[in-house]
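Note: the block below is my_file-v4.cif and it holds mmCIF, C-alpha atoms.
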data_coords
loop_
_atom_site.label_atom_id
_atom_site.label_comp_id
_atom_site.auth_asym_id
_atom_site.auth_seq_id
_atom_site.Cartn_x
_atom_site.Cartn_y
_atom_site.Cartn_z
CA MET A 1 108.04 88.88 118.92
CA ASN A 2 110.95 86.44 118.87
CA SER A 3 114.12 87.22 120.81
CA THR A 4 116.21 87.92 117.70
CA THR A 5 113.72 90.46 116.37
CA GLU A 6 113.34 92.07 119.79
CA HIS A 7 117.12 92.34 120.20
CA HIS A 8 117.46 93.93 116.75
CA LEU A 9 114.69 96.47 117.42
CA ARG A 10 116.07 97.31 120.86
CA ALA A 11 119.53 97.95 119.43
CA GLY A 12 118.05 100.18 116.74
CA PHE A 13 115.99 102.25 119.17
CA ASP A 14 118.89 102.49 121.62
CA ALA A 15 121.07 103.94 118.87
CA PHE A 16 118.23 106.28 117.81
CA HIS A 17 117.73 107.72 121.32
CA ARG A 18 121.46 107.87 122.09
CA ALA A 19 122.16 109.85 118.91
CA ARG A 20 119.30 112.30 119.36
CA SER A 21 120.19 112.94 123.00
CA ARG A 22 123.55 114.37 121.90
CA THR A 23 122.18 117.16 119.69
CA CYS A 24 119.56 119.92 119.66
CA LEU A 25 119.30 119.84 115.86
CA VAL A 26 116.47 117.29 115.61
CA ALA A 27 114.35 119.10 118.21
CA ALA A 28 114.96 122.38 116.37
CA LEU A 29 113.69 120.87 113.11
CA TYR A 30 110.57 119.52 114.84
CA ALA A 31 109.99 122.98 116.31
CA GLU A 32 110.34 124.60 112.90
CA ALA A 33 107.95 122.12 111.30
CA MET A 34 105.30 122.49 114.04
CA GLY A 35 105.59 126.24 114.59
CA ASP A 36 103.66 127.52 117.60
CA ALA A 37 102.01 124.10 118.01
CA TYR A 38 105.35 122.65 119.18
CA ALA A 39 105.39 121.78 122.89
CA THR A 40 109.00 122.72 123.65
CA GLU A 41 109.18 121.16 127.11
CA VAL A 42 107.77 117.84 125.88
CA ALA A 43 110.34 117.65 123.06
CA ALA A 44 108.68 114.53 121.69
CA ASP A 45 110.13 112.38 118.88
CA SER A 46 106.59 112.11 117.53
CA SER A 47 103.73 114.18 116.16
CA CYS A 48 102.69 115.24 119.69
CA ASP A 49 101.84 118.94 119.73
CA TRP A 50 99.69 121.21 121.92
CA ARG A 51 96.52 120.10 120.14
CA LEU A 52 97.20 116.43 120.82
CA LEU A 53 98.06 117.15 124.47
CA ALA A 54 94.68 118.87 124.83
CA THR A 55 92.93 115.87 123.25
CA LEU A 56 94.74 113.47 125.59
CA VAL A 57 93.70 115.48 128.64
CA GLY A 58 90.07 115.66 127.53
CA ARG A 59 89.69 112.05 126.46
CA LEU A 60 91.53 110.38 129.36
CA ARG A 61 89.41 112.08 132.08
CA LEU A 62 91.83 111.15 134.83
CA GLY A 63 91.67 112.39 138.40
CA PRO A 64 94.50 113.22 140.83
CA GLY A 65 96.37 110.20 142.11
CA GLN A 66 95.17 107.82 139.40
CA LEU A 67 97.63 105.78 137.33
CA LEU A 68 98.53 106.57 133.72
CA VAL A 69 100.60 104.13 131.66
CA ASP A 70 102.52 105.47 128.64
CA MET A 71 103.13 102.58 126.24
CA GLY A 72 106.09 103.19 123.94
CA CYS A 73 107.03 106.21 126.08
CA GLY A 74 110.35 106.97 124.40
CA SER A 75 112.23 109.62 126.38
CA GLY A 76 109.12 110.28 128.44
CA GLY A 77 108.06 113.82 127.62
CA VAL A 78 104.40 113.20 126.78
CA GLY A 79 103.64 111.07 129.81
CA LEU A 80 105.58 113.32 132.18
CA TRP A 81 103.79 116.42 130.95
CA LEU A 82 100.43 114.70 131.50
CA ALA A 83 101.47 113.40 134.93
CA ARG A 84 102.26 116.94 136.06
CA ALA A 85 99.24 118.55 134.41
CA LEU A 86 96.75 115.99 135.80
CA ALA A 87 98.51 115.21 139.12
CA VAL A 88 98.50 111.50 138.28
CA ARG A 89 101.04 108.74 138.80
CA LEU A 90 102.91 107.57 135.71
CA ILE A 91 104.49 104.35 134.52
CA GLY A 92 106.29 104.54 131.18
CA ILE A 93 107.11 101.41 129.19
CA ASP A 94 109.56 101.26 126.30
CA LEU A 95 111.62 98.65 124.50
CA SER A 96 114.77 100.77 124.67
CA PRO A 97 116.84 100.85 127.89
CA VAL A 98 118.45 104.07 126.64
CA ALA A 99 115.03 105.70 126.30
CA ILE A 100 114.10 104.50 129.79
CA GLN A 101 117.28 106.00 131.22
CA LEU A 102 116.59 109.33 129.50
CA ALA A 103 112.98 109.36 130.70
CA THR A 104 114.01 108.55 134.26
CA THR A 105 116.52 111.41 134.24
CA ARG A 106 113.90 113.83 132.90
CA GLY A 107 111.34 112.82 135.49
CA CYS A 108 112.70 115.03 138.27
CA THR A 109 112.21 118.14 136.11
CA PHE A 110 108.47 117.44 135.77
CA VAL A 111 107.11 115.67 138.84
CA ALA A 112 107.81 114.89 142.49
CA PRO A 113 110.01 111.92 143.45
CA GLY A 114 108.02 108.70 143.27
CA GLN A 115 105.31 110.08 141.00
CA ALA A 116 106.79 108.58 137.81
CA ALA A 117 108.58 105.33 137.07
CA PHE A 118 109.89 103.84 133.84
CA ALA A 119 110.61 100.24 132.88
CA VAL A 120 111.77 98.24 129.87
CA GLY A 121 109.00 96.28 128.20
CA THR A 122 107.26 95.83 124.88
CA LEU A 123 103.88 96.94 123.59
CA GLU A 124 102.81 93.30 123.60
CA ALA A 125 104.26 92.49 127.06
CA SER A 126 104.48 95.43 129.45
CA GLY A 127 105.18 93.35 132.55
CA LEU A 128 102.42 95.18 134.46
CA PRO A 129 99.70 93.43 136.48
CA ASP A 130 96.15 92.95 135.24
CA ALA A 131 93.68 95.83 135.64
CA GLN A 132 96.19 98.25 137.18
CA ALA A 133 95.92 101.38 135.02
CA ASP A 134 93.23 104.05 135.08
CA GLY A 135 94.43 105.32 131.71
CA VAL A 136 96.78 104.31 128.90
CA ILE A 137 98.32 106.38 126.12
CA CYS A 138 100.24 105.25 123.05
CA VAL A 139 101.48 108.11 120.87
CA ASP A 140 102.86 107.19 117.43
CA ALA A 141 104.18 103.87 118.77
CA LEU A 142 101.54 101.31 117.83
CA SER A 143 102.83 101.11 114.27
CA CYS A 144 106.09 99.70 115.72
CA ALA A 145 104.32 96.74 117.34
CA ALA A 146 105.30 93.36 115.95
CA ASP A 147 101.70 92.25 116.57
CA ARG A 148 99.21 95.11 116.69
CA ALA A 149 96.34 92.96 117.98
CA ALA A 150 98.56 91.65 120.79
CA ALA A 151 99.53 95.20 121.74
CA LEU A 152 95.86 96.19 121.92
CA ARG A 153 95.09 93.12 124.04
CA GLU A 154 97.91 94.13 126.40
CA MET A 155 96.49 97.64 126.81
CA HIS A 156 93.04 96.18 127.45
CA ARG A 157 94.50 93.75 130.00
CA ILE A 158 96.33 96.36 132.10
CA LEU A 159 93.37 98.79 132.15
CA LYS A 160 90.90 98.70 135.01
CA PRO A 161 87.28 98.17 133.91
CA GLY A 162 86.03 101.62 132.99
CA GLY A 163 89.56 102.83 132.19
CA ARG A 164 90.41 104.57 128.94
CA ALA A 165 93.16 104.19 126.34
CA VAL A 166 93.94 107.02 123.93
CA LEU A 167 95.99 106.08 120.86
CA THR A 168 97.23 107.84 117.75
CA ARG A 169 96.82 106.08 114.46
CA ALA A 170 97.22 106.84 110.76
CA VAL A 171 95.17 105.17 108.03
CA ARG A 172 94.50 105.59 104.35
CA ARG A 173 91.48 107.80 103.72
CA ALA A 174 89.58 104.98 102.02
CA THR A 175 89.79 102.78 105.15
CA THR A 176 86.35 101.84 106.49
CA THR A 177 87.36 99.46 109.32
CA VAL A 178 89.32 101.93 111.43
CA THR A 179 88.42 100.48 114.85
CA GLU A 180 87.78 96.84 113.94
CA GLN A 181 90.80 95.45 115.82
CA GLU A 182 90.15 97.62 118.86
CA GLN A 183 86.58 96.37 119.14
CA ALA A 184 87.66 92.78 118.53
CA VAL A 185 89.86 92.79 121.66
CA GLY A 186 87.00 94.14 123.79
CA PHE A 187 87.30 97.92 123.68
CA THR A 188 84.34 100.25 123.34
CA VAL A 189 85.13 103.13 120.97
CA GLU A 190 84.19 106.45 122.58
CA TYR A 191 85.69 108.95 120.14
CA VAL A 192 87.54 109.05 116.83
CA ASP A 193 89.11 112.50 116.40
CA GLU A 194 90.79 113.52 113.16
CA ARG A 195 94.07 115.43 113.27
CA PRO A 196 93.82 117.35 109.98
CA GLY A 197 97.15 119.16 110.26
CA GLU A 198 99.28 116.09 111.04
CA PRO A 199 100.11 114.94 107.48
CA ALA A 200 101.21 118.44 106.48
CA MET A 201 103.39 118.67 109.59
CA TRP A 202 105.20 115.46 108.63
CA ALA A 203 105.65 116.78 105.09
CA ARG A 204 107.28 119.96 106.41
CA LEU A 205 109.48 117.95 108.77
CA TYR A 206 110.60 115.46 106.13
CA ARG A 207 111.54 118.28 103.77
CA LEU A 208 113.54 119.91 106.56
CA TRP A 209 115.39 116.66 107.19
CA ILE A 210 116.29 116.43 103.50
CA ALA A 211 117.35 120.08 103.39
CA HIS A 212 119.58 119.60 106.45
CA ALA A 213 120.99 116.23 105.40
CA ASP A 214 124.64 117.24 105.81
CA GLU A 215 124.03 118.66 109.29
CA LEU A 216 122.15 115.53 110.33
CA ARG A 217 125.03 113.34 109.21
CA ARG A 218 127.48 115.50 111.09
CA GLU A 219 125.40 115.63 114.30
CA LEU A 220 123.94 112.09 114.36
CA GLY A 221 126.37 110.02 112.34
CA ASP A 222 125.80 108.40 108.98
CA THR A 223 123.61 105.50 110.12
CA GLN A 224 121.02 107.49 112.08
CA ALA A 225 120.96 110.30 109.53
CA GLN A 226 120.45 107.82 106.71
CA ASN A 227 117.59 106.18 108.62
CA MET A 228 115.86 109.55 108.91
CA LEU A 229 116.51 110.49 105.29
CA GLY A 230 115.30 107.10 104.10
CA GLU A 231 112.07 107.57 106.06
CA ALA A 232 111.63 111.06 104.65
CA HIS A 233 112.04 110.00 101.02
CA ARG A 234 109.91 106.88 101.52
CA MET A 235 107.02 108.62 103.28
CA LEU A 236 106.70 111.95 101.49
CA ASP A 237 104.78 110.53 98.54
CA ARG A 238 102.43 108.60 100.85
CA LEU A 239 101.21 111.57 102.88
CA ALA A 240 98.61 112.76 100.37
CA GLY A 241 96.24 109.92 101.27
CA ARG A 242 97.04 109.86 104.99
CA GLN A 243 94.35 110.38 107.63
CA ALA A 244 95.69 110.91 111.16
CA LEU A 245 93.37 109.96 114.01
CA THR A 246 93.19 109.86 117.77
CA LEU A 247 91.16 106.93 119.12
CA ALA A 248 89.63 107.11 122.59
CA LEU A 249 88.80 103.59 123.79
CA ARG A 250 87.28 102.29 126.99
CA ARG A 251 87.46 98.93 128.72
CA PRO A 252 83.80 98.30 129.56
CA GLN A 253 82.59 97.77 133.09
CA PRO A 254 81.45 94.18 133.69
CA GLN A 255 77.73 93.72 133.23
CA GLY A 256 75.71 92.62 136.26
CA PRO A 257 73.01 89.90 136.14
CA ALA A 258 70.03 90.81 133.94
CA GLY A 259 67.30 92.58 135.80
CA LEU A 260 69.54 93.98 138.58
#
Would you write the structure of this file as structure tokens?
Amino acid sequence: MNSTTEHHLRAGFDAFHRARSRTCLVAALYAEAMGDAYATEVAADSSCDWRLLATLVGRLRLGPGQLLVDMGCGSGGVGLWLARALAVRLIGIDLSPVAIQLATTRGCTFVAPGQAAFAVGTLEASGLPDAQADGVICVDALSCAADRAAALREMHRILKPGGRAVLTRAVRRATTTVTEQEQAVGFTVEYVDERPGEPAMWARLYRLWIAHADELRRELGDTQAQNMLGEAHRMLDRLAGRQALTLALRRPQPQGPAGL
């Protein structure tokens, strides 16, 4: 990602997080769209619900004290919830300094001091050392990567051998090469779980955004509201062929000499 593109994206995400932090309206619309699947405390700006949290717990298989990295963490809710539930350490990485500030502030309501840290970085360049993480998550953020293959390589790099990455991804139902890029960077695919209710959730949410257009403009300002409404109108017709997946990937352990 060149510096001009990165600066433009950062400014856009900063404005996004700053606007949403000033109102409860967006969270209320997510809650209405998800119903009893909405994880209120997480308050994610994503499709993360109770079902996905359960999948993340089961597929990561982390033990107390291990390190989880949340790539594209946003305001931190998903990673912080997992850090508390699993008694693990957390590092959250996001392009937006505003998101990092929000996540840092939220941290004390979830976990003990020192258990979670957040830093500015990109999906392609986290700034973390090689082979540091026991687990990695990336929830609804990989589609924002300027270079998806580079982002996958970065996740593979920061994982310890034997560590797992759990990612959300959406594809067209006719797609036959769902995990081709993941395998090409060296991951072993352990599980591909379908999320059958995710497209319908987005459809409900997008219709709610359109129905509450005037309130969104009043609460968020014209630019952020128009971004949301543009996404809603653009995506609604595409949801019929959408297949939402969770991919559980593992960085393989190095192989010893043959015969040993």
Item to check | Gly127 (chain A) environment, 12 Å, all atoms listed in the file, sequence neighbours closer than 4 positions dropped, as a list in words | outcome: Val69, Met71, Ile91, Gly92, Ile93, Asp94, Leu95, Phe118, Ala119, Val120, Gly121, Thr122, Leu123, Gln132, Glu154, Met155, Arg157 and Ile158 of chain A
Would you output that residue set with C-alpha atoms, as an mmCIF file, in the frame of the given file?
data_model
loop_
_atom_site.group_PDB
_atom_site.id
_atom_site.type_symbol
_atom_site.label_atom_id
_atom_site.label_comp_id
_atom_site.auth_asym_id
_atom_site.auth_seq_id
_atom_site.Cartn_x
_atom_site.Cartn_y
_atom_site.Cartn_z
ATOM 1 C CA VAL A 69 100.600 104.130 131.660
ATOM 2 C CA MET A 71 103.130 102.580 126.240
ATOM 3 C CA ILE A 91 104.490 104.350 134.520
ATOM 4 C CA GLY A 92 106.290 104.540 131.180
ATOM 5 C CA ILE A 93 107.110 101.410 129.190
ATOM 6 C CA ASP A 94 109.560 101.260 126.300
ATOM 7 C CA LEU A 95 111.620 98.650 124.500
ATOM 8 C CA PHE A 118 109.890 103.840 133.840
ATOM 9 C CA ALA A 119 110.610 100.240 132.880
ATOM 10 C CA VAL A 120 111.770 98.240 129.870
ATOM 11 C CA GLY A 121 109.000 96.280 128.200
ATOM 12 C CA THR A 122 107.260 95.830 124.880
ATOM 13 C CA LEU A 123 103.880 96.940 123.590
ATOM 14 C CA GLN A 132 96.190 98.250 137.180
ATOM 15 C CA GLU A 154 97.910 94.130 126.400
ATOM 16 C CA MET A 155 96.490 97.640 126.810
ATOM 17 C CA ARG A 157 94.500 93.750 130.000
ATOM 18 C CA ILE A 158 96.330 96.360 132.100
#
Item to check | Matched chain/residue IDs from the PyMOL selection byres ((chain A and resi 152) around 10), as a ChimeraX atom specification | outcome: /A:123-124,142,145,147-151,153-157,165,167,181-187
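You can rank A:Leu25, A:His8, A:Leu249, A:Asp237 by their closest distance to Asp214 (chain A) using all atoms listed in the file, and at the top of that list sits A:Leu25.
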Next on the checklist: Taking 6 positions as the minimum chain separation for residues in the same chain, which residues sit within 6 Å of Ala244 (chain A) when counting all atoms listed in the file? Answer as number ranges by chain.
Outcome noted: A: 169-170, 194-195
Atoms kept (C-alpha atoms) for selection, written as a PDB file, in the frame of the given file:
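Once written, part06.pdb looks like this:
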ATOM      1  CA  ARG A 169      96.820 106.080 114.460  1.00  0.00           C
ATOM      2  CA  ALA A 170      97.220 106.840 110.760  1.00  0.00           C
ATOM      3  CA  GLU A 194      90.790 113.520 113.160  1.00  0.00           C
ATOM      4  CA  ARG A 195      94.070 115.430 113.270  1.00  0.00           C
TER       5      ARG A 195
END
For the file shown, report as a PDB file with C-alpha atoms, keeping the file's coordinate frame the outcome of the PyMOL selection byres ((chain A and resi 90) around 10) at residue level.
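Here's the written file out24.pdb:
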ATOM      1  CA  GLY A  65      96.370 110.200 142.110  1.00  0.00           C
ATOM      2  CA  GLN A  66      95.170 107.820 139.400  1.00  0.00           C
ATOM      3  CA  LEU A  67      97.630 105.780 137.330  1.00  0.00           C
ATOM      4  CA  LEU A  68      98.530 106.570 133.720  1.00  0.00           C
ATOM      5  CA  VAL A  69     100.600 104.130 131.660  1.00  0.00           C
ATOM      6  CA  ASP A  70     102.520 105.470 128.640  1.00  0.00           C
ATOM      7  CA  GLY A  76     109.120 110.280 128.440  1.00  0.00           C
ATOM      8  CA  GLY A  79     103.640 111.070 129.810  1.00  0.00           C
ATOM      9  CA  LEU A  80     105.580 113.320 132.180  1.00  0.00           C
ATOM     10  CA  LEU A  82     100.430 114.700 131.500  1.00  0.00           C
ATOM     11  CA  ALA A  83     101.470 113.400 134.930  1.00  0.00           C
ATOM     12  CA  ARG A  84     102.260 116.940 136.060  1.00  0.00           C
ATOM     13  CA  ALA A  87      98.510 115.210 139.120  1.00  0.00           C
ATOM     14  CA  VAL A  88      98.500 111.500 138.280  1.00  0.00           C
ATOM     15  CA  ARG A  89     101.040 108.740 138.800  1.00  0.00           C
ATOM     16  CA  ILE A  91     104.490 104.350 134.520  1.00  0.00           C
ATOM     17  CA  GLY A  92     106.290 104.540 131.180  1.00  0.00           C
ATOM     18  CA  ILE A  93     107.110 101.410 129.190  1.00  0.00           C
ATOM     19  CA  GLY A 107     111.340 112.820 135.490  1.00  0.00           C
ATOM     20  CA  VAL A 111     107.110 115.670 138.840  1.00  0.00           C
ATOM     21  CA  GLY A 114     108.020 108.700 143.270  1.00  0.00           C
ATOM     22  CA  GLN A 115     105.310 110.080 141.000  1.00  0.00           C
ATOM     23  CA  ALA A 116     106.790 108.580 137.810  1.00  0.00           C
ATOM     24  CA  ALA A 117     108.580 105.330 137.070  1.00  0.00           C
ATOM     25  CA  PHE A 118     109.890 103.840 133.840  1.00  0.00           C
ATOM     26  CA  ALA A 133      95.920 101.380 135.020  1.00  0.00           C
ATOM     27  CA  GLY A 135      94.430 105.320 131.710  1.00  0.00           C
ATOM     28  CA  VAL A 136      96.780 104.310 128.900  1.00  0.00           C
TER      29      VAL A 136
END
Item to check | Residue members of the PyMOL selection byres ((chain A and resi 227) around 12) in the file shown, as a PyMOL selection string | outcome: chain A and resi 12-13+15-16+19+206+209-210+213+216-217+220-226+228-234
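With only C-alpha atoms as the basis for measurement, A:Arg251 is the residue among A:Arg251, A:Arg18, A:Arg172, A:Arg61 that approaches Ala131 (chain A) most closely.
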